[in-house]
Structures are given as structure tokens and as C-alpha cells.
Amino acid sequence: PGIKKRVRRLNLVFDAENSDAFRTRLAAATTLREYHEQIKRYRALVERVVFENDVDGVLTEDRLARVYDKVGSRPAPERMPQCTRTFLEDAKDDFRRATKRSILDLSLDDPEKANVIARETGVVPLRRRPKAPRVAVADRFDGRSPTTGKDVGVPSAVSAANAIGNLETRLPDADPGFLEALHKFYASYDASDERLTLLAASAVVDVEDGVPVALFPGAPLPPARPMSLQAFERFHRQYMQETASRVRANLTQRACDLCVALEEKVRDVALGVEDPAVRAAHLARLAKMPRFAQRLTLVVQDGLRTAVERGARDAREFWTRGFGGGDAAAEGDAHARHRPMFSVRLVVRDGAAAFEPPLESVRDVSLAIFDDAIDMFKGFQCVREKVMQQRGALDPSAEQKNEPDARAETDEFGIQKRIVPTPARDEPFVVAARAAIAEVLEENFPGPRALAERFAAFEELMEKPENPAPKVDSVESADAAAENLIASRDESAADSGPAGPGPGPDETPGASGPEPSEPSVSTHPPEPEPEPDPAGGSAPPELTEEEEPKEMTLAETEAEMRRLAELVDAVESTSDSFEPFRLIGVDCVEIKRALVGVATERRDALVAKLVEQFHALNAEAYGRFRAITDRLASDVETPEALDDLRRFAADAARETESLRATLATSAAMAEALERSGVNLEDDVVDTYWNAITQPASVPQKLKAYELRAKELQKAMTETLKADIKANNACIAEAKSAVHEFIELGNIDLAEDRLAAVEAMDARLAELKKKGEVYANREELFGRPVTTYPALNSLFREWEPYANLWRVCAEFGRYQPEWTNGPFPQLNPEKVTAMVETWNRAITKMLKHIKGVPAEVCAELKSRLARFETNLPIVAALRNPGLRDRHWKDMSEDLGFAVKADAEFSLARAVQLGLHEHIDVLEKYSEAASKEYSLERALDSMHQNWRGVEFETSPWRDTGSFVLKGTDETQMLLDDQIVKTQSMRSSPYIGPFEDRVKLWEKKLTTIQEVLDQWLKMQSGWLYLEPIFGSDDIMQQMPAEGRKFKTVDTTWRKTMLKLELTSEVLVVGADEDLLGSLRKCNELLDEVNKGLSEYLETKRLAFPRFYFLSNDELLEILSETKDPLRVQPFLKKVFEAIHLLEFQKNMEVTAMLSEEGEKVTFVNSFNPAKAGGAVEKWLIQCEAAQRETVAAMCRDASKAYATSKRTDWMVEWPGQVVLCIGSLYWTSQTEAAIREGTMKAHAETVSAQLMEIVEKVRGKLTKLQRKTLSALVVLEVHARDVVAELAEKGVPSVEDFDWASQLRYTWDTMDDGKEGVTVRMINAAINYGNEYLGNSSRLVITPLTDR
């Protein structure tokens, strides 16, 4: 087997082929392809030629009338308006294309132009064959051939006969076979009998239960119940699909089959003839096939149009005669028995009554079915094209004529195909039928909507969801929602498969499918927002989270339960479960079930809450009664318990009255529940009856308690007397024991004596406690309180002796431990404090102790004095500041080794005789204390830096950080530097001098680092946004590079700070200090260059001096965005607040702060300044001056031709004031020259009053501002003119007039007229600086001067 390979046919020569013939065909094909490519390029260039002539001027009404006359009545153009319009559009397109082709041909006839066109587009002149004329007019024929130009003579009768014969051979109707086939097609099927929809009742009077029987042809009875919208749509779309399929099979396909059969018949006849001439004549009949196919297409078109017209008429009659006029047109008895056509449900949606599906969906679905029925036959392929596709019977190279009633479409492969035109939706009979159907549908909606309005009374029961769907605010919104519904249905159907007219290769399949969930469309208009009460009230505010809803009273709760029950009855009686209307039946079961459910649920909730409160109230009351009775009957053991029970009984009487009020409330609840018909559970009822019967038993319990309390008090009184007597006897025994003990001595038995003291203390405390208890009981029983003077005297007598033996025992325990114990464990402060406490106690005891105990006290004092002599040794040698160097020096001075280590004790110190060298010990101890304080201070300073770190925070969106909160660090640093310097001046600093110097250097370095860091941070924060702009970097490259270096160092430093932020570590870095110093030097250079740069900008545009450096830099950093200059315009210019930028950034106007807009005479574009802000601001300055000057000139001209009061409000305020003053000057000077000052004064006053009247009228804010300023100047002008008239000024050179501020016209340096301001002999050109529409101060003699 060989190798398989795909090749083109043009590159493949079979062995059986003639190679020369193949090459010939290949060359011919190549030539033909090149020719067709030339044609395509030629046609493409023709389409690109611009055509601007008036086509309607060529295709005039007269010419169109001649065309209509030639058409005649086969058919009349008015019967086919769509085809006529299509023909006219095609004729206009042909005329445009022919004109452009002629223009191109003329250009191609010129060799020079042809060469240019060929070079630029590749188009060359085409080689066209001469075409025979389609129409020959005898009176125009001059005997010359239209192709060759030769004289062929006028045709004779024979040639005319030949021409007629030629027509007979070309026309299908002249052929018996074709004519027979055409008659057969007419007899086989008529598409005009087809019904577009099931809504095509031939007689609406054929009804059963109000529904036309003919609605469903072939069915024995109409539907047993009203149809849902979904079923209605599905049924009709299925019918339209079957109808379209049937028409295609019976009409288009039958015509195609007829053509194919006729062709085969002609071929069979030709093949059965032996004579070649006859055979050729038969085969020549096939040339009529295209015309015959076109004839069949026209027949199909006529049949389909008739069917569509009839279907539209039938549908219109069905709706108008069956349902026209709505419910108002139906008779009462017929309506009672009427069965509606549609069924919808009334439901609750988004807190309102709504239809499901919405009524708008009923309308839109019905209209959509009508629209789809009109378009049902769209896409039927022409017979000729279908035959060509099926059998290829027709000659593909035959001339394709652009028939006016056939339109070209493309199939799924992009190949053009021709379809049979059908009536469009915009034809008058379709539009009228659709409008009539829509009107009928709307006429049947008021009844259902009125039903929905009846349910609006129960809006409080219609719960709104937490996230409600968008509310439909109007009918238009409802229509839009319905359109979305239809669109979603169509999209769903397109995904699931066609369900409209049957799909086929010749048509576009319809779209239908199962009805999706429809959007909620409320039938009620939205409720208006609550308006405030005109009297000043307002709607109650909604409850916030902090506010608790007010608790309802019992009466309000009962009334609410009654109201909810009445609402349930009202809902049930609002409508029947099904409300039939003429077209639509409304199912109310769902909305009634929902409303009743909500009302019942709310009532049940109120009942449950009331029952819960009722039960809890009863349970609490019953529990309290039980607690009272149980407590009154409880056992009492002590007088204290008896007193508690007495107080409880007194409170129980008051509490009983409170519980009676509670039970009264409970009884009211029980009555309310009984009136509401609530069935209570057994445990609730039992609890209620147990609680309500308890108050009757409390008085008996109280009486029994009182009798028992009297008996108990009597018995307890007798017991109390006995207890007091026994306690007195115990006190006497204790007194004897104390007297025996205070006679004892012997300090060596201190521990035994201490045990006896502790036992006697406990015995006396017990006696005292019993005395207090007995005294309290005597108060409870109302008896005289017994005092115990003997016990108090015994306490005073016992206390000194007890303290003696306590001190003896303590000293006996501590003295051996301090003397012989390890010396480092001694605490000098504690030892000294205890010795002092014992001395004070001994001194106090000696005043009260006598006899043998006095001798013991004297011995204790003697021993304590001997031990006290060793306290200086303890204080000197237990100094925490003593170090090895001190012990060494001390040993050298004493002459023997001394060191208070673990082997050393106080007894050893006495043994060494250190008490004799106490001055030496104190000298070294004092020095150690001083040095120790310095060392502790230095350690404390180190300790204070623990946890002290540099704090940072992100800086905007730079990605870097800055230092923050350095104040505390700076304060700590300053404080420690001062402390360190004072420590260096101390005489005891010797051992720590090097350490202090190092610490001082570190603190100084930290101080310098912090200062340099903060300085660098300040500079970086100032310059970072400036050099963050590409514009600044381009204008200052050297400074930009320097700042880039600083920025890199800053970011690296801050990143390191993220790793280690301790101040002691980071601040002591010498390398960091050097880097910061270098960066600060670079920042100084950058700031110097920046200042020089700003100075050059200010010199270029001096108004920049009005801006600070920061403001100017912000402008210069955004040179590409002129809008960033807007906020600073009011500082640069006197009154320009904003500039008006167009989309192309052209500046066309300036706006003042008051909102006055002045359009520039010469606009400018900042983009042309190349980023130089000063350049276009100079242009802006010039533009404002030119504009103000031009407006002054124009306003001056308008003043002379306009009414003055109208002129005032038509120009900017500044121009009005300027030109007004100019005309006042000229008019006053004219009056002075003419001597009419008095008349002029009256004129000025009259003009002022006109302004006042104008101000009182309706003006805009800007106009009122202009006139307010003008009134100020006019008042001053009036006063000046009156004064001049009174003085009788003789000439304009008079000082009284020359001293006034005068405005005159003068020729400027540029040759144009301008305003000059004069006073006496001074003259200044008007600056034309825009001043806005600002107000003016009142002119007084002082301000005028």
C-alpha cells in the first residue's frame, strides 16, 4: 500500500486524463479566478466610493408613477407595501451603485488615473462582454445592432413572428405540460385555508358555558376548567409548530416535488425520441423551469399572505367579539354561569396582593402568540432554490434576478439563500389587529384588579420579606417586567428545543418551552412616602435597636385578639374561593389561606404570651404564699432566730396585701381568656386555683405564730437568766487564776509563761464574747442589759503581764539566732526596728508591773541593752554596697582579715573586738553606700531603656514608614544625659568612671542620630510627593537623582528598623549617623535647587508669587493634568474660580465664585503648552483680558440699541458696571456742554428708579447681584450729577467734574478701542482683569475722596 496524502484536485492528474487538456483547463481556471478576483476588487472599490447626491431627486414621483402604471393590477403595489418599499430601496441602491461605478469607469478610462488606482488598490479596468438589451422598443430601433453597430434593418413580420415564437418557448404558461402542472398544484392544496392559531372561531356564537366551542377544533367539548397561562401558551405553540410543518410539507415541498417530477417527465419524453432535433426541442423546454419555479413561488407567497391576513382577522374577531368590553359588557345572568378562559392565582408577594402569573404576563403572552403566528411562515425557501438544492435541475449559471419581493438570507454555512416574503409586523392590518387585541385584554383587567384592591385592606397581614424584590412603580415598569418574562421564556425555550413552527432547513425555528418562574409584578401602584403633617406632626418613628416595643396592657391584648379574629372572618368574606370574570378567573384560595394564617398565627402568639404570663403570675404568687406559711411554722432554737421570725411575720402581712393585688390581676386575665374562648391546660388551671385560695389561710398561720412566739420568749428568758449567772461565776474563777499567774517570775521560763498567757487570753476572750451575746439577747427581749465591770477590770490588769512574757519569749528566740547565725542573713533595718519596739514596750510595762514580774522586766531590759551595743557592727558590715575592694582596705586598716561571709557571725565580730573599731567600719561603710547609690543609678538608667523602641507607621501609599512618638524617647534621653554629667562630677565615681564615659558617649550618639533622623524625615516627607511626579523628575533631573539616593537610603533604613527597633541598638550605630548626615546634606542641595527652580517659574509667570511653595509644587507636579490647577486659580487670578474644560481639554470659559460664566473670545488648549503650566496660564491671562475688552466693546454697542433694563441682565456684572459708568461719563459731559444738567439729573434719577423696579421683579441670583452693585454706583452717580447741577458747572474742565472718576473710550497701543479711567489729569488704561460679579461698598464722601 502507498502513502495516503490529501491534495487539491487542481494538482492531481489521473492516468486516464489527457495531460495537455488538464493543463488547458488549469490555465483556464487560473485565468477565471484572476478575473473574478479583479471583479471582487472592483466591486469593493465601488462600495468604498463616497456618494453624496440626492437619490430622491432622480427617482421622482413622476418616474415612480410611470413604474406603477406599467405594473398595473398584477398585483397592485398598494396590496404589497412591504414588497414595494423593498423594491424602491433596491432601486435606490442600484442607482447609487451604478453612479459610483460610472464615476470609477471614467477614472479608469484615464491612463494616468488608472495607473494611480492600480498602484494603490490593485483595481484595473474590467473586460466586459456586451450585453443584449432587456427591453426592445420599436419606435426607438434605428436598424443598427446594439452589440456590433452594424445596420441590420427594421424587423419584418417574419422576424416579429419569430420573436413571438421565442417568447412562447420561454414562457411556462405557453407550454401545455407546465400549464397542466400549474393547474394540478392549484387543485392539490390552498394555504389560505390554514388557521394561524386556535383563536380562529368562525362563529363566536357557538359557545358552551361562555367559551367558544371552535376554540379547539376537533375537540368534543371545550376545556373542563379555565386554562393556566402556561398551558394556553404551550397548546398554541404546539399547534403553530404542527401547522407550519404541515404547510411546508403540503406547499413548499409539494411545489418542489412537482418541479422535479415535471423535469423527470420532460427528460423521459426526450430520451424516448430518436430524432435528435425533436429530442433537443424537448430538452429545450427545461429552460422554462426557472420561470416556472418562480411562478410557483409567487403562488406560495400569495397563499401564505392570504392565510396571515385571514388569521389576523379571525384572531381580532375572536378577542373583540368574545371578550370585547370586558366585564361591563357581559350580562348579569350570563356572567353568573360564565366560565373564564384563563385562570390566575391571587397571592401575597413583597407585602402586597399580586397575581400569579401577573396580568401583564397574560397580555404579553397572548400578544406574543399573535406575533409568532404572524411570523409563523417566515423562512420558507423559494421553490426555485429548493429545487436546485434537492436535484440540481436548474442551471446554476443561470442569471439570478433580483426580484423585488424576495429577500436574501444566509444559512448556517453563510451561503445566501432566497426565502418567500411574508407580511411583516409593521403592516397596517397587523398593527391594527394587535392593537385591538391589546385593547380587549386591557378591558378585562379592571375586574381582577378591583378584586386585588379589596384585599389591600388587609395589608397589615401581608408580610414583607427581609430583602424585597424591586417594586414595579408604574405600568411601564410592569410592561418591562413582562417583557423580561417573555424574553426569559424565549431564551429557555431556545435552550431546550424548538416548540414554535416546525424547524427545518429552510426556516428559523420558533422558540417555546416550559414556562419558567415568572417575576413578581404587583398590580397596585407603590404607596407614596409618608408626608409630614402640615400642623407640624410627623409619622411615628420606627423602632430602633435601642428602643423596646411598648408592652400592651391586658385590655389592649384582649382587644387585639378580638380584632385579629374579626380580620379572619373579614378575609373569609372578602371573596369566594374562585372569582370568575369574563376573561380571567381569579383563584383566591392561596391569598386567603396566607392572610388567615398570618392573622391566626399572630392571635395564637398573643394567646400563648398571655397564658404564659397568667401561669407565671399564678405560680409566683402560689410560691410566695407557700414560703410565708412554711416560714411561720418553722422551728426556732435561739432568741436570734425568734427575732428574725418576728420581723418576717411583720413583712408577711404587707406582702400578703401585695399578693392579693397580683391575684386580682390574675383573675382579670382568667376572665379575658375565658371571653376569648381559650382552653387552658390542667396544670395551668390547678396552679391558678391553688394560688387564689391561699390568702384565706394566711391569717390563721399568723395567729398560730403569735401564740407560739409568746411561749418561746418566756422559756428563752429563763434560760438567759441562768446563762448570765453562770458567766459571772466563770469571770470570778478567771480572776483568781490571773492573780496567781502575775506572781510568777524566772525569765528563763519565758516559753512556758508564754503558753500560759495564750491560754488565759483565749479564756478571757470567750468570757467577753458570751457577755456580748447575752447582752444582745437581753435587748431582743426588752430586758435591762447586764454589764460585766469585773471582766473589764480583769482585762486591764492582765494586759501588762501578758505583754512582758511575750517580749521575753520573742527576745529569747531571736537573740541566739542573731548572735550565732550566718552574718549575711542579718537584716540591719529589721533588727534595729525590733530592738526599738521592745525598748518602748519595756518602758511602758515598768509603769504597771510590780513584785517578781518587775524583776523579770529589769533583767530583760539589761540583756537587751547589752545586745544593743552590737547594732553599729551589724549596720556597718551589712551594707549592700560593700565590695571586695572595701573588705580588702578595711582589713588593712584593722590589721586583720575581716569579711562578712557565710562563715562570719556577730559573735565572731565581738570576739574580734570590732566594736572597738567602729569608726573604721563606718568610714568604709559610708563610702560603699555612696558608690552603691551611683551604681544603682547607672543600672537604673540602663534598665529604663529596656523596651524603648522606635515606633513607625506606614506613610500613605509610598510603601515606606516614618518615625512617630519620639517625644518620650527625647525626654528620657535629655534626662539621662543630665544625670550622667552630674554623676561624672561625683568624688565617688572612681570605680565606675570608664563605664559612665561610655554610657555618656552612647547617649550623645543616640541624641545626634535622633536629631539627624528627624531632620531627614522632615525633608523626605516634604520632597517625596514632589519628586514622586514624573513631571518634576523631568524638569529637575539633577535634583531628582540626588533625592533618589536619599529615598533609597531612607527606605533601606526603615526596612532595617523593622528587624531591630531598640533605641540603644539602632541609635548607637556610628555608620547610621554618617549616612544620615550625608543624606541631609543632599536634601539641603535639593531644597536649594528646588527654590531656584520655583523662582524661575515665578519670574516666567509673576502671579505664581501669590502661591506658596507647596501649592506651586503641587501644580508643577501634575503638568499633564490641567484640572489640578483649578483649586489655585482663585489665588492666581482676582475672580476666576474655575475654568471650563471640554472633552479635548480645550478651555472655553471662565467661572467666578458667584457662578457667573464668561465664554472666552479666543479659547486655548493647555495640551499645546507641552506641560509648561506657566505658558498656558499666560494664555489664560491674555484670554481673560481679551474677553473682557471684547465684551466691553460689544456691550457698548448693544447699549445704544437695547433697552437699558434688559441690557443690564444680558452681560456680565463687571461689563455692566464698566460700560454703565462710561455712558454716564459721556452723557454727563454732553449735558455740561449743552447746559442741560438739571434735565440730566432727572434722567439719572429716573434710570435709578427703573433699576429699583427691575430689582423688585423676578431675577436670577446672578442678575440680582449685578443690579445690587449697579444700584450702589447709580446712587453715587445721581448724587454727583445733582451736586454738579446745583453748582452750575460751566465746562468739562471744571475741577468739580474733573475730580470725579470718569470712564472714556480711547485708542489703545494695539489700535483697538479701549476703556480709560480718568481723574483730574491722571489717565490709566482699564486693566480688563476679570473681577467677577462681586458686590460693591457704599460710596461715601470719605471713600470717594
# chains A, B, ... in the order shown; residues from 1 in each chain; ligands from 1
$ residues_around --residues "range 986-1000 of chain A" --least-positions-apart "3" --cutoff "10 Å" --atoms "only C-alpha atoms" --output "number ranges by chain"
A: 927-935, 938, 941-942, 976-983, 1003-1006
$ residues_around --residues "range 832-841 of chain A" --least-positions-apart "6" --cutoff "8 Å" --atoms "only C-alpha atoms" --output "list in words"
Asn803, Val807, Lys861, Leu864, Glu868 and Leu871 of chain A
$ write_last_selection --atoms "all heavy atoms" --output "compact mmCIF listing (two decimals), in the first residue's frame"
# COMPACT_ATOMS: atom_id res chain seq x y z
N ASN A 803 2.03 41.07 128.12
CA ASN A 803 3.00 41.63 127.18
C ASN A 803 4.42 41.36 127.63
O ASN A 803 5.33 41.18 126.81
CB ASN A 803 2.78 43.14 127.05
CG ASN A 803 1.49 43.47 126.30
OD1 ASN A 803 1.02 42.65 125.49
ND2 ASN A 803 0.92 44.64 126.55
N VAL A 807 7.29 39.59 125.19
CA VAL A 807 8.58 40.18 124.79
C VAL A 807 9.72 39.28 125.22
O VAL A 807 10.69 39.08 124.47
CB VAL A 807 8.72 41.58 125.39
CG1 VAL A 807 10.11 42.15 125.13
CG2 VAL A 807 7.68 42.51 124.81
N LYS A 861 15.45 44.11 130.30
CA LYS A 861 15.98 45.38 129.83
C LYS A 861 17.50 45.36 129.83
O LYS A 861 18.14 45.90 128.91
CB LYS A 861 15.46 46.51 130.71
CG LYS A 861 15.89 47.88 130.25
CD LYS A 861 15.25 48.97 131.11
CE LYS A 861 15.67 50.36 130.59
NZ LYS A 861 15.07 51.44 131.41
N LEU A 864 18.76 43.26 126.85
CA LEU A 864 18.50 43.96 125.59
C LEU A 864 19.51 45.09 125.39
O LEU A 864 19.97 45.33 124.26
CB LEU A 864 17.08 44.52 125.60
CG LEU A 864 16.57 45.08 124.25
CD1 LEU A 864 16.57 44.00 123.18
CD2 LEU A 864 15.15 45.63 124.43
N GLU A 868 22.21 45.59 122.32
CA GLU A 868 22.08 46.80 121.51
C GLU A 868 23.42 47.41 121.18
O GLU A 868 23.56 48.13 120.18
CB GLU A 868 21.20 47.81 122.27
CG GLU A 868 20.71 48.96 121.41
CD GLU A 868 19.70 49.82 122.15
OE1 GLU A 868 19.42 49.52 123.33
OE2 GLU A 868 19.18 50.78 121.54
N LEU A 871 24.67 46.66 117.59
CA LEU A 871 23.92 47.12 116.41
C LEU A 871 24.77 47.92 115.43
O LEU A 871 24.61 47.78 114.21
CB LEU A 871 22.70 47.93 116.86
CG LEU A 871 21.58 47.13 117.53
CD1 LEU A 871 20.43 48.06 117.90
CD2 LEU A 871 21.09 46.01 116.62
$ atom_distance --atom1 "CA of His1276 in chain A" --atom2 "CA of Glu1229 in chain A"
16.3 Å
$ residues_around --residues "Asp1306 in chain A" --least-positions-apart "2" --cutoff "8 Å" --atoms "only C-alpha atoms" --output "PDB file with N, CA and C atoms, in the first residue's frame"
ATOM      1  N   THR A1304     -13.764 106.685  29.782  1.00  0.00           N
ATOM      2  CA  THR A1304     -13.862 107.173  28.405  1.00  0.00           C
ATOM      3  C   THR A1304     -13.298 106.131  27.445  1.00  0.00           C
ATOM      4  N   MET A1308      -6.101 102.259  22.032  1.00  0.00           N
ATOM      5  CA  MET A1308      -5.006 101.636  22.761  1.00  0.00           C
ATOM      6  C   MET A1308      -3.791 101.479  21.847  1.00  0.00           C
ATOM      7  N   GLU A1313     -10.010 100.099  20.260  1.00  0.00           N
ATOM      8  CA  GLU A1313     -10.562 100.989  21.270  1.00  0.00           C
ATOM      9  C   GLU A1313     -10.638 100.282  22.609  1.00  0.00           C
ATOM     10  N   GLY A1314     -10.373 101.055  23.661  1.00  0.00           N
ATOM     11  CA  GLY A1314     -10.427 100.510  24.989  1.00  0.00           C
ATOM     12  C   GLY A1314     -10.864 101.554  25.981  1.00  0.00           C
ATOM     13  N   VAL A1315     -11.136 101.091  27.203  1.00  0.00           N
ATOM     14  CA  VAL A1315     -11.630 101.977  28.248  1.00  0.00           C
ATOM     15  C   VAL A1315     -10.450 102.588  28.983  1.00  0.00           C
ATOM     16  N   THR A1316     -10.541 103.894  29.229  1.00  0.00           N
ATOM     17  CA  THR A1316      -9.538 104.602  30.024  1.00  0.00           C
ATOM     18  C   THR A1316     -10.235 105.221  31.229  1.00  0.00           C
TER      19      THR A1316
END
$ atom_distance --atom1 "CA of Val773 in chain A" --atom2 "CA of Thr787 in chain A"
11.8 Å
$ select_by_dssp --residues "range 1260-1344 of chain A" --states "helix (DSSP H, G or I)" --output "PyMOL selection string"
chain A and resi 1261-1287+1295-1298+1341-1344
$ residues_around --residues "Gly326 in chain A" --least-positions-apart "6" --cutoff "9 Å" --atoms "only C-alpha atoms" --output "PyMOL selection string"
chain A and resi 440-447+581-583
$ residues_around --residues "Arg753 in chain A" --least-positions-apart "6" --cutoff "9 Å" --atoms "only C-alpha atoms" --output "list in words"
Phe741, Leu744, Gly745, Ile747, Ala802, Trp805, Arg806 and Ala809 of chain A
$ residues_around --residues "Val1216 in chain A" --least-positions-apart "6" --cutoff "8 Å" --atoms "only C-alpha atoms" --output "count of residues only"
4
$ select_by_dssp --residues "range 908-1040 of chain A" --states "strand (DSSP E or B)" --output "list in words"
Glu949, Glu951, Thr952, Ser953, Pro954, Phe961, Val962, Leu963 and Lys964 of chain A
$ write_last_selection --atoms "all heavy atoms" --output "PDB file, in the first residue's frame"
ATOM      1  N   GLU A 949      11.640  51.413  72.083  1.00  0.00           N
ATOM      2  CA  GLU A 949      11.899  51.138  70.664  1.00  0.00           C
ATOM      3  C   GLU A 949      11.405  52.304  69.812  1.00  0.00           C
ATOM      4  O   GLU A 949      10.551  53.095  70.236  1.00  0.00           O
ATOM      5  CB  GLU A 949      11.182  49.849  70.226  1.00  0.00           C
ATOM      6  CG  GLU A 949      11.644  48.614  70.975  1.00  0.00           C
ATOM      7  CD  GLU A 949      10.884  47.377  70.527  1.00  0.00           C
ATOM      8  OE1 GLU A 949       9.874  47.537  69.799  1.00  0.00           O
ATOM      9  OE2 GLU A 949      11.300  46.256  70.886  1.00  0.00           O
ATOM     10  N   GLU A 951       9.143  53.702  67.188  1.00  0.00           N
ATOM     11  CA  GLU A 951       7.828  53.354  66.634  1.00  0.00           C
ATOM     12  C   GLU A 951       7.706  53.922  65.230  1.00  0.00           C
ATOM     13  O   GLU A 951       8.133  55.045  64.967  1.00  0.00           O
ATOM     14  CB  GLU A 951       6.703  53.910  67.510  1.00  0.00           C
ATOM     15  CG  GLU A 951       6.684  53.319  68.908  1.00  0.00           C
ATOM     16  CD  GLU A 951       5.529  53.860  69.724  1.00  0.00           C
ATOM     17  OE1 GLU A 951       4.651  54.515  69.132  1.00  0.00           O
ATOM     18  OE2 GLU A 951       5.501  53.634  70.941  1.00  0.00           O
ATOM     19  N   THR A 952       7.119  53.124  64.351  1.00  0.00           N
ATOM     20  CA  THR A 952       6.939  53.545  62.958  1.00  0.00           C
ATOM     21  C   THR A 952       5.479  53.365  62.561  1.00  0.00           C
ATOM     22  O   THR A 952       4.724  52.632  63.197  1.00  0.00           O
ATOM     23  CB  THR A 952       7.820  52.713  62.005  1.00  0.00           C
ATOM     24  OG1 THR A 952       7.443  51.333  62.099  1.00  0.00           O
ATOM     25  CG2 THR A 952       9.281  52.888  62.333  1.00  0.00           C
ATOM     26  N   SER A 953       5.096  54.041  61.496  1.00  0.00           N
ATOM     27  CA  SER A 953       3.755  53.909  60.925  1.00  0.00           C
ATOM     28  C   SER A 953       3.873  54.057  59.416  1.00  0.00           C
ATOM     29  O   SER A 953       4.728  54.790  58.913  1.00  0.00           O
ATOM     30  CB  SER A 953       2.805  54.973  61.492  1.00  0.00           C
ATOM     31  OG  SER A 953       3.257  56.268  61.143  1.00  0.00           O
ATOM     32  N   PRO A 954       3.032  53.348  58.657  1.00  0.00           N
ATOM     33  CA  PRO A 954       3.087  53.463  57.188  1.00  0.00           C
ATOM     34  C   PRO A 954       2.772  54.897  56.757  1.00  0.00           C
ATOM     35  O   PRO A 954       1.920  55.561  57.338  1.00  0.00           O
ATOM     36  CB  PRO A 954       2.011  52.480  56.708  1.00  0.00           C
ATOM     37  CG  PRO A 954       1.783  51.561  57.863  1.00  0.00           C
ATOM     38  CD  PRO A 954       2.035  52.356  59.094  1.00  0.00           C
ATOM     39  N   PHE A 961       7.909  53.794  55.683  1.00  0.00           N
ATOM     40  CA  PHE A 961       7.412  54.119  57.022  1.00  0.00           C
ATOM     41  C   PHE A 961       8.084  55.400  57.505  1.00  0.00           C
ATOM     42  O   PHE A 961       9.097  55.850  56.948  1.00  0.00           O
ATOM     43  CB  PHE A 961       7.700  52.980  58.006  1.00  0.00           C
ATOM     44  CG  PHE A 961       7.114  51.666  57.595  1.00  0.00           C
ATOM     45  CD1 PHE A 961       7.786  50.830  56.720  1.00  0.00           C
ATOM     46  CD2 PHE A 961       5.878  51.265  58.068  1.00  0.00           C
ATOM     47  CE1 PHE A 961       7.246  49.624  56.339  1.00  0.00           C
ATOM     48  CE2 PHE A 961       5.324  50.065  57.688  1.00  0.00           C
ATOM     49  CZ  PHE A 961       6.004  49.237  56.819  1.00  0.00           C
ATOM     50  N   VAL A 962       7.525  55.975  58.569  1.00  0.00           N
ATOM     51  CA  VAL A 962       8.105  57.153  59.203  1.00  0.00           C
ATOM     52  C   VAL A 962       8.110  56.931  60.704  1.00  0.00           C
ATOM     53  O   VAL A 962       7.331  56.138  61.243  1.00  0.00           O
ATOM     54  CB  VAL A 962       7.315  58.438  58.850  1.00  0.00           C
ATOM     55  CG1 VAL A 962       7.416  58.738  57.378  1.00  0.00           C
ATOM     56  CG2 VAL A 962       5.847  58.294  59.263  1.00  0.00           C
ATOM     57  N   LEU A 963       9.031  57.652  61.383  1.00  0.00           N
ATOM     58  CA  LEU A 963       9.086  57.593  62.839  1.00  0.00           C
ATOM     59  C   LEU A 963       7.911  58.354  63.440  1.00  0.00           C
ATOM     60  O   LEU A 963       7.460  59.365  62.898  1.00  0.00           O
ATOM     61  CB  LEU A 963      10.394  58.199  63.336  1.00  0.00           C
ATOM     62  CG  LEU A 963      11.697  57.461  63.002  1.00  0.00           C
ATOM     63  CD1 LEU A 963      12.867  58.241  63.549  1.00  0.00           C
ATOM     64  CD2 LEU A 963      11.684  56.047  63.568  1.00  0.00           C
ATOM     65  N   LYS A 964       7.436  57.860  64.573  1.00  0.00           N
ATOM     66  CA  LYS A 964       6.374  58.565  65.268  1.00  0.00           C
ATOM     67  C   LYS A 964       6.580  58.400  66.771  1.00  0.00           C
ATOM     68  O   LYS A 964       7.243  57.459  67.230  1.00  0.00           O
ATOM     69  CB  LYS A 964       5.003  58.024  64.868  1.00  0.00           C
ATOM     70  CG  LYS A 964       4.716  56.626  65.378  1.00  0.00           C
ATOM     71  CD  LYS A 964       3.258  56.239  65.141  1.00  0.00           C
ATOM     72  CE  LYS A 964       2.948  54.902  65.810  1.00  0.00           C
ATOM     73  NZ  LYS A 964       1.538  54.533  65.657  1.00  0.00           N
TER      74      LYS A 964
END
$ residues_around --residues "Tyr42 in chain A" --least-positions-apart "2" --cutoff "10 Å" --atoms "only C-alpha atoms" --output "ChimeraX atom specification"
/A:36-40,44-47,101,104-105,121-126
$ closest_residue --among "A:Asn18, A:Ala354, A:Phe185, A:Ala897" --to "Asp257 in chain A" --atoms "only C-alpha atoms"
A:Phe185
$ closest_residue --among "A:Gln253, A:Ser575, A:Ser960, A:Thr422" --to "Pro448 in chain A" --atoms "only C-alpha atoms"
A:Ser575
$ atom_distance --atom1 "CA of Ala1135 in chain A" --atom2 "CA of Asn1333 in chain A"
8.4 Å
